[in-house]
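Student: Data file query-v8.pdb (PDB, C-alpha atoms) is appended below.
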MODEL        1
ATOM      1  CA  MET A1212      -2.412 -13.786 -23.447
ATOM      2  CA  VAL A1213      -0.314 -15.865 -25.873
ATOM      3  CA  GLY A1214      -0.390 -19.672 -25.817
ATOM      4  CA  GLY A1215      -1.542 -19.901 -22.204
ATOM      5  CA  LYS A1216       0.957 -17.349 -20.983
ATOM      6  CA  ASP A1217       0.686 -13.678 -20.154
ATOM      7  CA  LEU A1218       2.468 -10.939 -22.102
ATOM      8  CA  GLU A1219       5.556 -11.269 -19.910
ATOM      9  CA  GLY A1220       5.852 -15.012 -20.468
ATOM     10  CA  GLY A1221       4.492 -16.181 -17.108
ATOM     11  CA  PRO A1222       1.486 -18.457 -16.529
ATOM     12  CA  VAL A1223      -1.883 -16.767 -16.869
ATOM     13  CA  ARG A1224      -3.589 -15.961 -13.596
ATOM     14  CA  ARG A1225      -7.331 -16.475 -13.584
ATOM     15  CA  SER A1226      -8.070 -14.251 -10.625
ATOM     16  CA  LEU A1227     -11.176 -13.331  -8.640
ATOM     17  CA  PRO A1228     -11.603 -11.406  -5.382
ATOM     18  CA  ILE A1229     -13.105 -12.834  -2.195
ATOM     19  CA  ILE A1230     -14.078 -10.958   0.938
ATOM     20  CA  SER A1231     -13.240 -13.235   3.855
ATOM     21  CA  SER A1232     -13.997 -10.656   6.540
ATOM     22  CA  LEU A1233     -15.538  -7.226   6.987
ATOM     23  CA  GLY A1234     -14.277  -4.353   9.076
ATOM     24  CA  CYS A1235     -11.260  -4.205  11.361
ATOM     25  CA  SER A1236     -10.606  -4.517  15.085
ATOM     26  CA  HIS A1237      -7.932  -1.812  15.157
ATOM     27  CA  LYS A1238      -8.552   1.867  15.890
ATOM     28  CA  CYS A1239      -6.473   3.890  13.407
ATOM     29  CA  THR A1240      -7.897   7.404  13.658
ATOM     30  CA  PHE A1241      -7.680   8.176   9.921
ATOM     31  CA  CYS A1242      -9.714   5.117   8.876
ATOM     32  CA  HIS A1243     -13.407   4.863   7.999
ATOM     33  CA  ASN A1244     -13.693   1.682  10.106
ATOM     34  CA  VAL A1245     -13.384   3.748  13.287
ATOM     35  CA  ILE A1246     -16.278   5.920  12.109
ATOM     36  CA  LEU A1247     -18.463   2.898  11.248
ATOM     37  CA  ASN A1248     -17.422   1.134  14.491
ATOM     38  CA  LYS A1249     -18.785  -2.262  13.490
ATOM     39  CA  GLY A1250     -15.770  -4.315  14.507
ATOM     40  CA  TRP A1251     -14.291  -7.278  12.635
ATOM     41  CA  ARG A1252     -16.666  -9.896  11.181
ATOM     42  CA  PRO A1253     -14.829 -12.903   9.665
ATOM     43  CA  LYS A1254     -16.033 -15.929   7.740
ATOM     44  CA  PRO A1255     -14.976 -19.294   9.207
ATOM     45  CA  ALA A1256     -11.924 -20.790   7.500
ATOM     46  CA  THR A1257     -14.006 -23.782   6.374
ATOM     47  CA  ARG A1258     -16.472 -21.528   4.535
ATOM     48  CA  LEU A1259     -13.647 -19.526   2.961
ATOM     49  CA  ILE A1260     -11.956 -22.662   1.646
ATOM     50  CA  ALA A1261     -15.289 -23.964   0.312
ATOM     51  CA  GLU A1262     -15.793 -20.716  -1.639
ATOM     52  CA  ILE A1263     -12.284 -20.908  -3.083
ATOM     53  CA  GLU A1264     -12.825 -24.532  -4.109
ATOM     54  CA  GLU A1265     -16.074 -23.566  -5.858
ATOM     55  CA  LEU A1266     -14.298 -20.817  -7.814
ATOM     56  CA  MET A1267     -11.545 -23.240  -8.796
ATOM     57  CA  GLN A1268     -14.008 -25.881  -9.975
ATOM     58  CA  LYS A1269     -16.525 -23.612 -11.722
ATOM     59  CA  TYR A1270     -14.249 -21.007 -13.265
ATOM     60  CA  GLN A1271     -10.759 -22.579 -13.184
ATOM     61  CA  VAL A1272      -9.588 -19.777 -10.902
ATOM     62  CA  ASN A1273      -5.965 -20.194  -9.840
ATOM     63  CA  ASP A1274      -5.451 -16.857  -8.076
ATOM     64  CA  VAL A1275      -7.476 -15.351  -5.241
ATOM     65  CA  GLN A1276      -7.469 -11.785  -3.972
ATOM     66  CA  LEU A1277      -8.490 -11.760  -0.312
ATOM     67  CA  VAL A1278      -9.640  -8.155  -0.272
ATOM     68  CA  ASP A1279     -10.074  -7.892   3.482
ATOM     69  CA  GLU A1280      -9.136  -4.785   5.388
ATOM     70  CA  LEU A1281      -6.834  -7.055   7.406
ATOM     71  CA  PHE A1282      -6.676 -10.827   6.935
ATOM     72  CA  PHE A1283      -4.368 -11.893   9.767
ATOM     73  CA  ILE A1284      -6.299 -10.627  12.804
ATOM     74  CA  ASP A1285      -7.140 -14.135  14.102
ATOM     75  CA  LYS A1286      -4.093 -16.415  14.241
ATOM     76  CA  ARG A1287      -6.171 -19.576  14.846
ATOM     77  CA  ARG A1288      -8.268 -18.844  11.753
ATOM     78  CA  VAL A1289      -5.147 -18.308   9.648
ATOM     79  CA  LEU A1290      -3.600 -21.582  10.809
ATOM     80  CA  GLU A1291      -6.861 -23.456  10.124
ATOM     81  CA  PHE A1292      -6.919 -21.902   6.642
ATOM     82  CA  LEU A1293      -3.398 -23.213   5.976
ATOM     83  CA  ASP A1294      -4.223 -26.637   7.431
ATOM     84  CA  LEU A1295      -7.159 -26.970   5.012
ATOM     85  CA  ILE A1296      -5.065 -25.882   2.011
ATOM     86  CA  GLU A1297      -2.487 -28.539   2.855
ATOM     87  CA  LYS A1298      -5.031 -31.254   3.726
ATOM     88  CA  LYS A1299      -6.932 -30.749   0.463
ATOM     89  CA  ASN A1300      -3.711 -30.185  -1.525
ATOM     90  CA  LEU A1301      -5.166 -27.030  -3.091
ATOM     91  CA  LYS A1302      -2.948 -25.251  -5.611
ATOM     92  CA  PHE A1303      -3.726 -21.558  -6.009
ATOM     93  CA  SER A1304      -1.892 -18.305  -5.465
ATOM     94  CA  TRP A1305      -3.297 -15.604  -3.206
ATOM     95  CA  HIS A1306      -2.568 -12.168  -1.851
ATOM     96  CA  THR A1307      -3.949 -10.033   0.954
ATOM     97  CA  ASN A1308      -3.255  -7.277   3.502
ATOM     98  CA  VAL A1309      -1.240  -7.413   6.698
ATOM     99  CA  LYS A1310      -0.189  -5.208   9.623
ATOM    100  CA  ALA A1311       3.441  -4.627  10.610
ATOM    101  CA  SER A1312       2.809  -5.593  14.252
ATOM    102  CA  PHE A1313       1.966  -9.164  13.177
ATOM    103  CA  PHE A1314       5.600  -9.720  12.148
ATOM    104  CA  ARG A1315       6.942 -11.068  15.425
ATOM    105  CA  ASP A1316       8.453 -14.257  16.805
ATOM    106  CA  ASP A1317       5.138 -15.616  18.127
ATOM    107  CA  TYR A1318       3.125 -15.002  14.953
ATOM    108  CA  LEU A1319       4.338 -14.109  11.455
ATOM    109  CA  ASN A1320       7.871 -15.315  11.981
ATOM    110  CA  VAL A1321      10.037 -16.502   9.098
ATOM    111  CA  GLU A1322       8.974 -20.127   9.602
ATOM    112  CA  LEU A1323       5.259 -19.319   9.303
ATOM    113  CA  LEU A1324       5.895 -16.929   6.424
ATOM    114  CA  LYS A1325       7.650 -19.706   4.514
ATOM    115  CA  ARG A1326       4.687 -21.979   5.192
ATOM    116  CA  LEU A1327       2.358 -19.276   3.873
ATOM    117  CA  ARG A1328       4.522 -19.065   0.764
ATOM    118  CA  ARG A1329       4.311 -22.837   0.261
ATOM    119  CA  CYS A1330       0.523 -22.530   0.603
ATOM    120  CA  GLY A1331       0.351 -20.046  -2.277
ATOM    121  CA  LEU A1332       0.750 -16.632  -0.669
ATOM    122  CA  PHE A1333       2.861 -14.492  -2.987
ATOM    123  CA  HIS A1334       2.045 -10.895  -2.079
ATOM    124  CA  LEU A1335       1.265  -8.821   1.012
ATOM    125  CA  GLY A1336       0.114  -5.218   1.152
ATOM    126  CA  MET A1337       0.735  -3.093   4.218
ATOM    127  CA  GLY A1338      -0.335   0.356   5.355
ATOM    128  CA  ALA A1339       2.905   1.673   6.844
ATOM    129  CA  GLU A1340       1.587   5.276   6.726
ATOM    130  CA  SER A1341       4.540   7.172   8.258
ATOM    131  CA  GLY A1342       8.181   6.910   9.237
ATOM    132  CA  SER A1343       7.607   9.228  12.197
ATOM    133  CA  GLN A1344       6.825   7.482  15.462
ATOM    134  CA  ARG A1345       5.140  10.684  16.624
ATOM    135  CA  MET A1346       2.659  10.535  13.742
ATOM    136  CA  LEU A1347       2.177   6.761  14.062
ATOM    137  CA  ASN A1348       1.238   7.343  17.693
ATOM    138  CA  LYS A1349      -1.093  10.186  16.750
ATOM    139  CA  ILE A1350      -3.062   8.048  14.289
ATOM    140  CA  LYS A1351      -3.066   5.122  16.785
ATOM    141  CA  LYS A1352      -1.502   2.801  14.238
ATOM    142  CA  GLY A1353       0.026   0.549  16.887
ATOM    143  CA  ILE A1354       3.254  -0.032  14.977
ATOM    144  CA  THR A1355       6.833   1.249  14.877
ATOM    145  CA  PRO A1356       9.285   1.903  12.023
ATOM    146  CA  GLU A1357      11.306  -1.041  13.353
ATOM    147  CA  MET A1358       8.305  -3.352  12.823
ATOM    148  CA  ILE A1359       7.956  -2.091   9.253
ATOM    149  CA  LEU A1360      11.622  -2.800   8.512
ATOM    150  CA  ARG A1361      11.291  -6.261  10.086
ATOM    151  CA  ALA A1362       8.355  -6.978   7.769
ATOM    152  CA  ALA A1363      10.463  -5.923   4.776
ATOM    153  CA  ALA A1364      13.376  -8.137   5.810
ATOM    154  CA  TRP A1365      11.339 -11.223   6.753
ATOM    155  CA  SER A1366       9.194 -11.090   3.615
ATOM    156  CA  LYS A1367      12.364 -10.992   1.507
ATOM    157  CA  GLU A1368      13.776 -13.979   3.391
ATOM    158  CA  SER A1369      10.481 -15.838   2.822
ATOM    159  CA  ASP A1370      10.264 -14.967  -0.888
ATOM    160  CA  ILE A1371       6.995 -13.076  -0.443
ATOM    161  CA  ASN A1372       6.499  -9.873  -2.388
ATOM    162  CA  ILE A1373       5.480  -6.949  -0.192
ATOM    163  CA  GLY A1374       4.216  -3.422  -0.805
ATOM    164  CA  PHE A1375       4.027  -0.509   1.623
ATOM    165  CA  SER A1376       1.662   2.438   1.370
ATOM    166  CA  PHE A1377       2.466   5.777   2.993
ATOM    167  CA  MET A1378       0.660   9.069   3.418
ATOM    168  CA  VAL A1379       1.598  12.672   4.115
ATOM    169  CA  GLY A1380      -0.327  15.796   5.020
ATOM    170  CA  LEU A1381      -1.702  14.683   8.374
ATOM    171  CA  PRO A1382      -2.809  17.558  10.604
ATOM    172  CA  GLY A1383       0.115  18.532  12.801
ATOM    173  CA  GLU A1384       2.707  16.824  10.608
ATOM    174  CA  THR A1385       6.006  18.724  10.360
ATOM    175  CA  ARG A1386       8.732  18.766   7.729
ATOM    176  CA  GLU A1387      10.818  16.586  10.053
ATOM    177  CA  ASP A1388       7.986  14.011  10.209
ATOM    178  CA  ILE A1389       7.809  13.979   6.402
ATOM    179  CA  ILE A1390      11.580  13.551   6.125
ATOM    180  CA  ARG A1391      11.403  10.583   8.505
ATOM    181  CA  THR A1392       8.814   8.975   6.197
ATOM    182  CA  PHE A1393      11.047   9.374   3.155
ATOM    183  CA  GLN A1394      14.022   8.093   5.143
ATOM    184  CA  LEU A1395      12.073   4.984   6.144
ATOM    185  CA  VAL A1396      11.212   4.302   2.499
ATOM    186  CA  GLY A1397      14.917   4.454   1.687
ATOM    187  CA  GLN A1398      15.652   1.975   4.487
ATOM    188  CA  ILE A1399      12.934  -0.381   3.217
ATOM    189  CA  LEU A1400      14.408  -0.419  -0.288
ATOM    190  CA  LYS A1401      17.863  -1.031   1.167
ATOM    191  CA  VAL A1402      16.648  -3.966   3.283
ATOM    192  CA  ASN A1403      14.397  -5.385   0.552
ATOM    193  CA  PRO A1404      15.179  -4.154  -2.975
ATOM    194  CA  ASN A1405      12.133  -6.037  -4.308
ATOM    195  CA  ALA A1406       9.670  -4.171  -2.088
ATOM    196  CA  TYR A1407       7.588  -1.431  -3.643
ATOM    197  CA  VAL A1408       6.024   1.699  -2.275
ATOM    198  CA  ILE A1409       2.633   3.268  -2.960
ATOM    199  CA  GLY A1410       2.413   6.986  -2.435
ATOM    200  CA  PRO A1411       2.934   8.751  -0.260
ATOM    201  CA  GLN A1412      -0.709   9.628  -0.790
ATOM    202  CA  THR A1413      -2.201  12.747   0.713
ATOM    203  CA  PHE A1414      -4.220  12.250   3.893
ATOM    204  CA  ARG A1415      -7.982  12.033   3.278
ATOM    205  CA  PRO A1416     -10.124  13.653   6.006
ATOM    206  CA  TYR A1417     -13.139  11.357   6.345
ATOM    207  CA  PRO A1418     -16.133  13.135   7.954
ATOM    208  CA  GLY A1419     -16.862  11.843  11.418
ATOM    209  CA  SER A1420     -13.256  11.139  12.369
ATOM    210  CA  ASP A1421     -11.199  13.014  14.960
ATOM    211  CA  LEU A1422      -8.628  13.942  12.299
ATOM    212  CA  HIS A1423     -11.367  15.387  10.101
ATOM    213  CA  ALA A1424     -12.491  17.621  12.972
ATOM    214  CA  GLU A1425      -8.881  18.726  13.478
ATOM    215  CA  ALA A1426      -8.531  19.432   9.748
ATOM    216  CA  VAL A1427     -11.634  21.649   9.870
ATOM    217  CA  GLN A1428     -10.142  23.549  12.800
ATOM    218  CA  LEU A1429      -6.976  24.061  10.743
ATOM    219  CA  GLY A1430      -8.901  25.607   7.864
ATOM    220  CA  LEU A1431     -10.337  22.809   5.719
ATOM    221  CA  GLN A1432     -13.265  24.206   3.746
ATOM    222  CA  GLU A1433     -15.648  21.310   4.198
ATOM    223  CA  PRO A1434     -17.706  20.647   1.042
ATOM    224  CA  THR A1435     -21.465  20.868   1.395
ATOM    225  CA  THR A1436     -22.360  18.707  -1.620
ATOM    226  CA  LEU A1437     -21.351  15.312  -2.986
ATOM    227  CA  ARG A1438     -19.919  17.028  -6.078
ATOM    228  CA  GLY A1439     -17.846  19.209  -3.787
ATOM    229  CA  TRP A1440     -16.332  16.156  -2.122
ATOM    230  CA  ALA A1441     -15.553  14.678  -5.548
ATOM    231  CA  GLN A1442     -13.694  17.862  -6.457
ATOM    232  CA  LEU A1443     -11.771  17.780  -3.176
ATOM    233  CA  TYR A1444     -10.726  14.189  -3.796
ATOM    234  CA  SER A1445      -9.317  14.874  -7.243
ATOM    235  CA  LYS A1446      -6.583  12.948  -9.065
ATOM    236  CA  GLU A1447      -4.154  15.771  -8.510
ATOM    237  CA  ASP A1448      -1.316  15.049  -6.101
ATOM    238  CA  ASN A1449      -2.178  11.399  -5.483
ATOM    239  CA  TYR A1450      -5.953  11.797  -5.393
ATOM    240  CA  VAL A1451      -6.284  14.772  -3.042
ATOM    241  CA  ASP A1452      -5.583  18.393  -3.953
ATOM    242  CA  MET A1453      -2.990  19.598  -1.434
ATOM    243  CA  ALA A1454      -3.828  23.210  -2.251
ATOM    244  CA  LYS A1455      -7.161  22.618  -0.487
ATOM    245  CA  MET A1456      -5.392  21.431   2.679
ATOM    246  CA  PRO A1457      -4.252  24.728   4.261
ATOM    247  CA  TRP A1458      -2.250  23.047   7.038
ATOM    248  CA  ILE A1459       0.164  21.508   4.477
ATOM    249  CA  SER A1460       3.067  23.913   4.039
ATOM    250  CA  GLU A1461       5.555  21.617   2.272
ATOM    251  CA  ASN A1462       3.754  21.118  -1.054
ATOM    252  CA  ALA A1463       6.781  21.543  -3.314
ATOM    253  CA  PHE A1464       9.018  19.371  -1.137
ATOM    254  CA  ILE A1465       6.372  16.630  -0.975
ATOM    255  CA  LYS A1466       5.920  16.637  -4.759
ATOM    256  CA  ILE A1467       9.650  16.288  -5.411
ATOM    257  CA  CYS A1468      10.200  13.498  -2.869
ATOM    258  CA  THR A1469       7.046  11.673  -3.966
ATOM    259  CA  PHE A1470       8.284  11.696  -7.562
ATOM    260  CA  TYR A1471      11.496   9.937  -6.573
ATOM    261  CA  LEU A1472       9.750   7.451  -4.287
ATOM    262  CA  GLN A1473       7.327   6.455  -7.045
ATOM    263  CA  LYS A1474      10.073   6.057  -9.621
ATOM    264  CA  ALA A1475      12.350   4.187  -7.184
ATOM    265  CA  SER A1476      10.083   1.152  -6.871
ATOM    266  CA  MET A1477       7.835   1.481  -9.962
ATOM    267  CA  PRO A1478       4.792  -0.656  -8.981
ATOM    268  CA  TYR A1479       3.025   0.448 -12.185
ATOM    269  CA  ARG A1480       3.841   0.362 -15.896
ATOM    270  CA  PRO A1481       3.559   3.719 -17.722
ATOM    271  CA  ALA A1482       1.330   3.618 -20.806
ATOM    272  CA  HIS A1483       3.511   5.813 -23.011
ATOM    273  CA  ALA A1484       6.635   4.278 -24.571
ATOM    274  CA  TRP A1485       8.778   7.330 -23.804
ATOM    275  CA  LYS A1486       7.731   7.193 -20.154
ATOM    276  CA  ARG A1487       8.694   3.522 -19.923
ATOM    277  CA  LEU A1488      12.110   4.393 -21.345
ATOM    278  CA  ALA A1489      12.430   7.419 -19.067
ATOM    279  CA  ALA A1490      11.442   5.335 -16.052
ATOM    280  CA  LYS A1491      14.237   2.847 -16.764
ATOM    281  CA  VAL A1492      16.715   5.707 -16.892
ATOM    282  CA  VAL A1493      15.337   7.520 -13.853
ATOM    283  CA  GLN A1494      14.804   4.464 -11.627
ATOM    284  CA  PRO A1495      18.440   3.864 -10.560
ATOM    285  CA  LEU A1496      18.863   7.592  -9.881
ATOM    286  CA  ALA A1497      15.594   7.638  -7.933
ATOM    287  CA  ARG A1498      16.633   4.597  -5.875
ATOM    288  CA  PHE A1499      19.962   6.247  -5.076
ATOM    289  CA  ARG A1500      18.260   9.489  -4.015
ATOM    290  CA  THR A1501      15.646   7.677  -1.932
ATOM    291  CA  ILE A1502      18.113   5.426  -0.112
ATOM    292  CA  ALA A1503      20.595   8.270   0.384
ATOM    293  CA  GLY A1504      17.902  10.820   1.261
ATOM    294  CA  PHE A1505      19.361  13.235  -1.289
ATOM    295  CA  TYR A1506      16.708  15.416  -2.937
ATOM    296  CA  HIS A1507      18.769  18.507  -3.764
ATOM    297  CA  LEU A1508      19.044  19.745  -7.382
ATOM    298  CA  PRO A1509      16.143  17.580  -8.627
ATOM    299  CA  PHE A1510      16.915  17.944 -12.349
ATOM    300  CA  GLU A1511      15.247  14.595 -13.248
ATOM    301  CA  PHE A1512      12.034  15.733 -11.601
ATOM    302  CA  ARG A1513      11.954  19.028 -13.508
ATOM    303  CA  LEU A1514      12.831  17.389 -16.843
ATOM    304  CA  TYR A1515      10.259  14.626 -16.418
ATOM    305  CA  ARG A1516       7.526  17.087 -15.455
ATOM    306  CA  ALA A1517       8.346  19.276 -18.443
ATOM    307  CA  LEU A1518       8.098  16.311 -20.801
ATOM    308  CA  SER A1519       4.898  15.102 -19.110
ATOM    309  CA  ALA A1520       3.257  18.474 -19.648
ATOM    310  CA  SER A1521       3.262  17.777 -23.389
ATOM    311  CA  THR A1522       1.688  14.294 -23.005
ATOM    312  CA  THR A1523      -1.827  13.497 -21.832
ATOM    313  CA  PRO A1524      -1.655  10.817 -19.080
ATOM    314  CA  ALA A1525      -3.497   7.577 -19.733
ATOM    315  CA  ALA A1526      -6.399   6.648 -17.444
ATOM    316  CA  GLY A1527      -5.144   5.817 -13.965
ATOM    317  CA  GLU A1528      -1.561   6.753 -14.739
ATOM    318  CA  ILE A1529       0.559   8.924 -12.492
ATOM    319  CA  ALA A1530       2.104  11.742 -14.520
TER     320      ALA A1530
ENDMDL
END
So, in terms of structure tokens, how does the structure I just supplied come out?
Tutor:
Amino acid sequence: MVGGKDLEGGPVRRSLPIISSLGCSHKCTFCHNVILNKGWRPKPATRLIAEIEELMQKYQVNDVQLVDELFFIDKRRVLEFLDLIEKKNLKFSWHTNVKASFFRDDYLNVELLKRLRRCGLFHLGMGAESGSQRMLNKIKKGITPEMILRAAAWSKESDINIGFSFMVGLPGETREDIIRTFQLVGQILKVNPNAYVIGPQTFRPYPGSDLHAEAVQLGLQEPTTLRGWAQLYSKEDNYVDMAKMPWISENAFIKICTFYLQKASMPYRPAHAWKRLAAKVVQPLARFRTIAGFYHLPFEFRLYRALSASTTPAAGEIA
């Protein structure tokens, strides 16, 4: 912080997280909420606003992270939340999570999104998961690739930043399903160049879920100790070691495409100076490859990996 501004010259955000609801009412088969099966338990909008006001008064907070699994489940609660922000003339920025199916004419349309933006919303995170309708149906996500693209377009029109997370390695996923995911990412970046992508992360088989049982049938060596689970969920390959997922047969292809997807949108800032410089050089090439779906002759990937092998990654950094 320098003179009341952050290192990039913008106003300093004094940010704190708030949980405005617990759980989720949806039934995505990969998610721990289905295993817990406790439903969605929200705070009333009046209580949520009171908590935000207290943070603003006590700690001069001007940014709030609503760290809910899914904030927009109840439309009436959302509208009451906005009414209270406007009535009390509260000035704070906020960000939260959303589902692609909420972007429709009778709910998160462009008009309401612009109102959300006026009321401080500046960022939305979304679990898009896959570009394959077959896999979206399998995990009971309740969305379509068309909904995801609509969310990208409408958020751009409303001046709201949006990020999409994807995953690969689901039991039964084919190379064609994976290609459809990478193609959808390219379409997102074409529709909304300011969008960013997280992942694709490798599927995590949570014990107690149907997909976990399927993974065991396909050869997953289920750990018997807590340390064993920690080793399974390593930082390699986006937090899960694909070599321990015997049903994944496209490891090399996934690694190459993931490299380009990560570099195409760059939601993180590399710690090493040479990586920041390399990222600036690689990014336009990565965006071209991602949008065009061209992953042949991946010379940037091989060069970057060779250079990374001689540098120890900083904590939390993707090599």
Student: Please list as a ChimeraX atom specification every residue within 9 Å of stretch 1372-1374 of chain A, counting only C-alpha atoms and excluding residues in the same chain fewer than 4 positions away.
Tutor: /A:1333-1338,1362-1363,1366-1367,1405-1409,1478
Student: Grab the atom CA of A:Lys1302 to atom CA of A:Gly1331 distance for me, in Å with one decimal place.
Tutor: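 Answer for the atom CA of A:Lys1302 to atom CA of A:Gly1331 separation: 7.0 Å.
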Student: Tell me, in Å to one decimal, how far atom CA of A:Ile1354 is from atom CA of A:Ser1312.
Tutor: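 Pair atom CA of A:Ile1354 / atom CA of A:Ser1312 returns 5.6 Å.
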Student: What is the distance, in Å and to one decimal place, between atom CA of A:Gly1380 and atom CA of A:Pro1356?
Tutor: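 Value for the atom CA of A:Gly1380-atom CA of A:Pro1356 distance: 18.3 Å.
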Student: Would you kindly translate the PyMOL selection byres ((chain A and resi 1471) around 9) into the concrete residues it picks from this file, as a list of chain:residue names?
Tutor: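 So the PyMOL selection byres ((chain A and resi 1471) around 9), applied here, picks out A:Lys1466, A:Ile1467, A:Cys1468, A:Thr1469, A:Phe1470, A:Leu1472, A:Gln1473, A:Lys1474, A:Ala1475, A:Ser1476, A:Val1493, A:Gln1494, A:Leu1496, A:Ala1497, A:Arg1498, A:Arg1500, A:Thr1501, A:Tyr1506, A:Glu1511, A:Phe1512.
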Student: Enumerate, as a PyMOL selection string, the residues matched when the PyMOL selection byres ((chain A and resi 1316-1329) around 8) is run on the file above.
Tutor: chain A and resi 1286+1293+1313-1315+1330-1333+1365-1366+1368-1371
Student: Applied to this file, what does the PyMOL selection byres ((chain A and resi 1389) around 10) return in terms of residues, put as a list in words?
Tutor: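 Applied to this file, the PyMOL selection byres ((chain A and resi 1389) around 10) returns Ser1341, Gly1342, Ser1343, Met1346, Met1378, Val1379, Gly1380, Leu1381, Glu1384, Thr1385, Arg1386, Glu1387, Asp1388, Ile1390, Arg1391, Thr1392, Phe1393, Gln1394, Leu1395, Pro1411, Glu1461, Phe1464, Ile1465 and Cys1468 of chain A.
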Student: If you count all atoms listed in the file, which residues fall within 10 Å of stretch 1429-1438 of chain A, apart from same-chain ones fewer than 3 positions away, as an NGL selection string?
Tutor: :A and (1382-1383 or 1416 or 1418 or 1423-1426 or 1441-1444 or 1455-1459)
Student: Just checking: using all atoms listed in the file, which residue out of A:Arg1258, A:His1243, A:Lys1298, A:Lys1269 ends up closest to A:Tyr1417?
Tutor: A:His1243
